[in-house]
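The structure appears below as structure tokens.
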Amino acid sequence: MSRYVDLHTHSIYSDGSLAPAELIREARKAGLSAIALTDHDVLDGVAEARAAGKAEGVGVVSGVEISTRAEPGEVHVLGFDVDPSEASPIQRALRVQRAAREERANRILEKLGALGMPLAIDEVKAIAGLGSLGRPHIAEAMMARGYISSVDEGFARFLREGGSAYAPREALTVPEAIALIRDSGGLAAIAHPGLIYRGDFGRLERFLAGLIEEGLEGLECFTTAHDEGTVQACVGIARRLDLVPTGGSDYHGEKKPGARLGWARRGHRVPEAVLDDIRTRIANRRPGASPDAAMEADPSAL
Ligand code: AMP
Ligand code: ZN
Ligand code: FE
Ligand code: FE
């Protein structure tokens with residue numbers, strides 16, 4: 001029997017609506033053999049997901065989705081099988097990144113105030129709860145105040161990149177995020193790459209080719225964010241650049257309707273073999289080796 005995985009999900013530790021244990025229960029009901037928990041800039045939900053996964057018989061990939069700033073704009077980098085322990089190299093960087101999220105939220109609130117929509121940071125934090133603070137939480141707080149009637153409206157009118165209340169944030173670069181993921185034992189993939197250059201696949205491929213030597217090893221081809229043409233274009237790029245074609249729903253629970261757990265897109269599920277590929281790549285890596293060193297390594301020594 002073929003089995004399926006979902007390599008892109010969010011919980012209440014970022015901007016999803018389910019606790020990790022609830023997410024795992026849904027994954028079991030959806031017949032998934034494993035999921036990757038990939039909260040924005042945080043690994044805090046992984047322990048809870050693993051405990052629940054053990055009880056429910058669902059595998060858990062310790063994952064993260066790191067927000068980075070790149071020349072084309074915001075790029076999200078997925079890390080799979082990263083070491084979630086506090087001592088892991090990625091943890092310090094993620095703490096800094098979360099502080100930058102809060103600082104940025106304050107700047108967005110200043111802009112909203114100037115636009116006649118005052119909002120206190122505590123109102124946003126009350127909504128974020130445990131979650132790594134983000135624009136979706138700000139949008140919900142705006143809704144609670146009656147400034148807007150939906151999160152989508154908040155993004156479209158004010159919070160989108162370039163919107164009147166948008167503020168950029170200090171963030172890691174893509175190469176920094178990739179290096180942190182690798183140094184923490186994981187495999188790095190670019191999330192929903194179709195959103196980066198919106199249909200200009202030539203530019204996308206050149207951008208990705210430049211990241212290979214930085215240690216990029218995966219490309220999220222299958223995602224709710226892609227239409228069928230984008231899926232196929234990304235599969236082609238992944239094949240040419242020898243990247244693992246990963247996939248996931250980007251499930252956020254009811255907070256982001258439209259994504260269904262276990263389904264990367266209507267008609268696309270992600271076979272377990274993709275996770276096997278990721279793990280084979282990681283296992284074949286020499287500990288601590290940079291991608292260059294790995295290429296120069298004497299194959300007879302492996
Ligand atoms: P942030 O982490 O603060 O940069 O916010 C980015 C997150 O907001 C994304 O990862 C999405 O989950 C969410 N998002 C982006 N655009 C929209 C939208 N139009 N409606 C709802 N959520 C969105
Ligand atoms: Zn999100
Ligand atoms: Fe994303
Ligand atoms: Fe996501």
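Labeling convention for the structure tokens: chains A, B, ... as they appear, residues from 1 per chain, ligands from 1 in order of appearance.
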
* Near-ligand residues for ligand 2, threshold 8 Å, only C-alpha atoms and all ligand atoms, as JSON, numbers by chain -> {"A": [10, 14, 15, 16, 39, 40, 136, 250, 252]}

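For ligand 1, the neighbouring polymer residues at 6 Å or closer are Gly134, Arg135, Pro136, Val151, Asp152 and Phe155 of chain A, only C-alpha atoms and all ligand atoms being used.
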
* Counting only C-alpha atoms, what is within 9 Å of Gly59 (chain A), bar same-chain residues fewer than 5 positions away, as a PyMOL selection string? -> chain A and resi 5+24+32-36+50+53-54

Take the residues just selected and output them with all heavy atoms as an mmCIF file, in the first residue's frame.
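Output below, filename out_19.cif:
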```cif
data_model
loop_
_atom_site.group_PDB
_atom_site.id
_atom_site.type_symbol
_atom_site.label_atom_id
_atom_site.label_comp_id
_atom_site.auth_asym_id
_atom_site.auth_seq_id
_atom_site.Cartn_x
_atom_site.Cartn_y
_atom_site.Cartn_z
ATOM 1 N N VAL A 5 2.849 11.399 2.968
ATOM 2 C CA VAL A 5 3.338 12.304 4.012
ATOM 3 C C VAL A 5 2.888 13.734 3.655
ATOM 4 O O VAL A 5 2.414 13.987 2.549
ATOM 5 C CB VAL A 5 4.877 12.245 4.135
ATOM 6 C CG1 VAL A 5 5.328 10.824 4.496
ATOM 7 C CG2 VAL A 5 5.570 12.704 2.850
ATOM 8 N N ILE A 24 -1.416 16.101 14.786
ATOM 9 C CA ILE A 24 -1.032 14.701 14.616
ATOM 10 C C ILE A 24 -2.274 13.814 14.513
ATOM 11 O O ILE A 24 -2.341 12.895 13.693
ATOM 12 C CB ILE A 24 -0.147 14.239 15.801
ATOM 13 C CG1 ILE A 24 1.202 14.983 15.774
ATOM 14 C CG2 ILE A 24 0.054 12.732 15.794
ATOM 15 C CD1 ILE A 24 2.063 14.701 14.576
ATOM 16 N N LEU A 32 -1.953 9.668 6.969
ATOM 17 C CA LEU A 32 -0.564 10.009 6.676
ATOM 18 C C LEU A 32 0.386 9.185 7.550
ATOM 19 O O LEU A 32 0.101 8.927 8.716
ATOM 20 C CB LEU A 32 -0.317 11.499 6.939
ATOM 21 C CG LEU A 32 -1.154 12.453 6.087
ATOM 22 C CD1 LEU A 32 -0.914 13.899 6.513
ATOM 23 C CD2 LEU A 32 -0.819 12.276 4.611
ATOM 24 N N SER A 33 1.521 8.795 6.977
ATOM 25 C CA SER A 33 2.497 8.056 7.782
ATOM 26 C C SER A 33 3.436 9.008 8.510
ATOM 27 O O SER A 33 4.032 8.645 9.519
ATOM 28 C CB SER A 33 3.294 7.078 6.915
ATOM 29 O OG SER A 33 4.006 7.763 5.925
ATOM 30 N N ALA A 34 3.587 10.239 8.015
ATOM 31 C CA ALA A 34 4.438 11.213 8.699
ATOM 32 C C ALA A 34 4.051 12.623 8.271
ATOM 33 O O ALA A 34 3.530 12.826 7.168
ATOM 34 C CB ALA A 34 5.909 10.974 8.374
ATOM 35 N N ILE A 35 4.331 13.569 9.144
ATOM 36 C CA ILE A 35 4.217 14.977 8.756
ATOM 37 C C ILE A 35 5.478 15.702 9.221
ATOM 38 O O ILE A 35 6.134 15.287 10.171
ATOM 39 C CB ILE A 35 2.988 15.697 9.360
ATOM 40 C CG1 ILE A 35 3.099 15.787 10.884
ATOM 41 C CG2 ILE A 35 1.697 15.038 8.940
ATOM 42 C CD1 ILE A 35 2.224 16.877 11.477
ATOM 43 N N ALA A 36 5.793 16.790 8.535
ATOM 44 C CA ALA A 36 6.819 17.707 9.021
ATOM 45 C C ALA A 36 6.090 18.892 9.634
ATOM 46 O O ALA A 36 5.227 19.484 8.994
ATOM 47 C CB ALA A 36 7.711 18.172 7.876
ATOM 48 N N ARG A 50 6.198 15.193 18.482
ATOM 49 C CA ARG A 50 6.845 13.874 18.540
ATOM 50 C C ARG A 50 6.197 12.966 19.562
ATOM 51 O O ARG A 50 5.988 11.778 19.312
ATOM 52 C CB ARG A 50 8.328 14.047 18.860
ATOM 53 C CG ARG A 50 9.081 14.528 17.649
ATOM 54 C CD ARG A 50 10.551 14.244 17.804
ATOM 55 N NE ARG A 50 11.193 14.342 16.509
ATOM 56 C CZ ARG A 50 12.461 14.698 16.336
ATOM 57 N NH1 ARG A 50 13.217 14.978 17.382
ATOM 58 N NH2 ARG A 50 12.957 14.758 15.132
ATOM 59 N N GLY A 53 3.004 11.939 18.122
ATOM 60 C CA GLY A 53 3.255 11.073 16.981
ATOM 61 C C GLY A 53 3.543 9.647 17.409
ATOM 62 O O GLY A 53 3.107 8.685 16.770
ATOM 63 N N LYS A 54 4.275 9.516 18.509
ATOM 64 C CA LYS A 54 4.601 8.192 19.033
ATOM 65 C C LYS A 54 3.321 7.477 19.440
ATOM 66 O O LYS A 54 3.104 6.311 19.120
ATOM 67 C CB LYS A 54 5.546 8.355 20.232
ATOM 68 C CG LYS A 54 6.494 7.186 20.408
ATOM 69 C CD LYS A 54 7.642 7.532 21.363
ATOM 70 C CE LYS A 54 8.814 8.172 20.640
ATOM 71 N NZ LYS A 54 9.916 8.554 21.562
#
```

* To do: Record the distance separating CA of Gly73 (chain A) and CA of Arg160 (chain A), expressed in Å with one decimal.
  =>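 Separation between CA of Gly73 (chain A) and CA of Arg160 (chain A): 11.8 Å.
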
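One finds CA of Leu172 (chain A) at 8.9 Å from CA of Ala70 (chain A).
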
* To do: Fewer than 3 positions away in the same chain doesn't count, so skip those; otherwise give me all residues within 7 Å of region 78-84 of chain A, counting only C-alpha atoms, as a list of chain:residue names.
  =>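 Result of the neighbour search: A:Leu43, A:Val61, A:Ser62, A:Gly63, A:Val64, A:Glu65, A:Ile66, A:Ser88, A:Ile181, A:Ser184, A:Gly185, A:Gly186, A:Leu187, A:Ala188, A:Ala189, A:Ile190, A:Ala191.
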
* To do: Mind giving me the straight-line distance from CA of Ile108 (chain A) to CA of Gln91 (chain A) in Å, one decimal?
  => 25.5 Å

* Neighbour list for Gly31 (chain A) as a VMD selection string, cut-off 8 Å, only C-alpha atoms, skip fewer than 3 positions in-chain -> chain A and resid 3 to 4 27 to 28

Go ahead and dump the residues you just picked, N, CA and C atoms, as a compact mmCIF listing (two decimals), in the first residue's frame.
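And here's part23.txt as it stands now:
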```
# COMPACT_ATOMS: atom_id res chain seq x y z
N ARG A 3 1.96 4.88 0.88
CA ARG A 3 1.64 5.74 2.01
C ARG A 3 2.11 7.14 1.70
N TYR A 4 1.50 8.09 2.39
CA TYR A 4 1.73 9.49 2.07
C TYR A 4 2.17 10.31 3.28
N ALA A 27 -3.61 14.14 11.19
CA ALA A 27 -2.74 13.46 10.23
C ALA A 27 -3.04 11.96 10.21
N ARG A 28 -3.27 11.40 11.40
CA ARG A 28 -3.61 9.97 11.45
C ARG A 28 -4.93 9.72 10.74
```

* Residues at most 12 Å from Gly129 (chain A), counting only C-alpha atoms, excluding those fewer than 3 positions away in the same chain, as a VMD selection string? -> chain A and resid 11 to 17 19 122 to 126 132 to 134 137

* To do: Compare A:Ala55, A:Ala21, A:Leu109, A:Leu261 by their minimum atom-to-atom distance to Leu7 (chain A), counting only C-alpha atoms, and give me the closest one.
  => A:Leu261
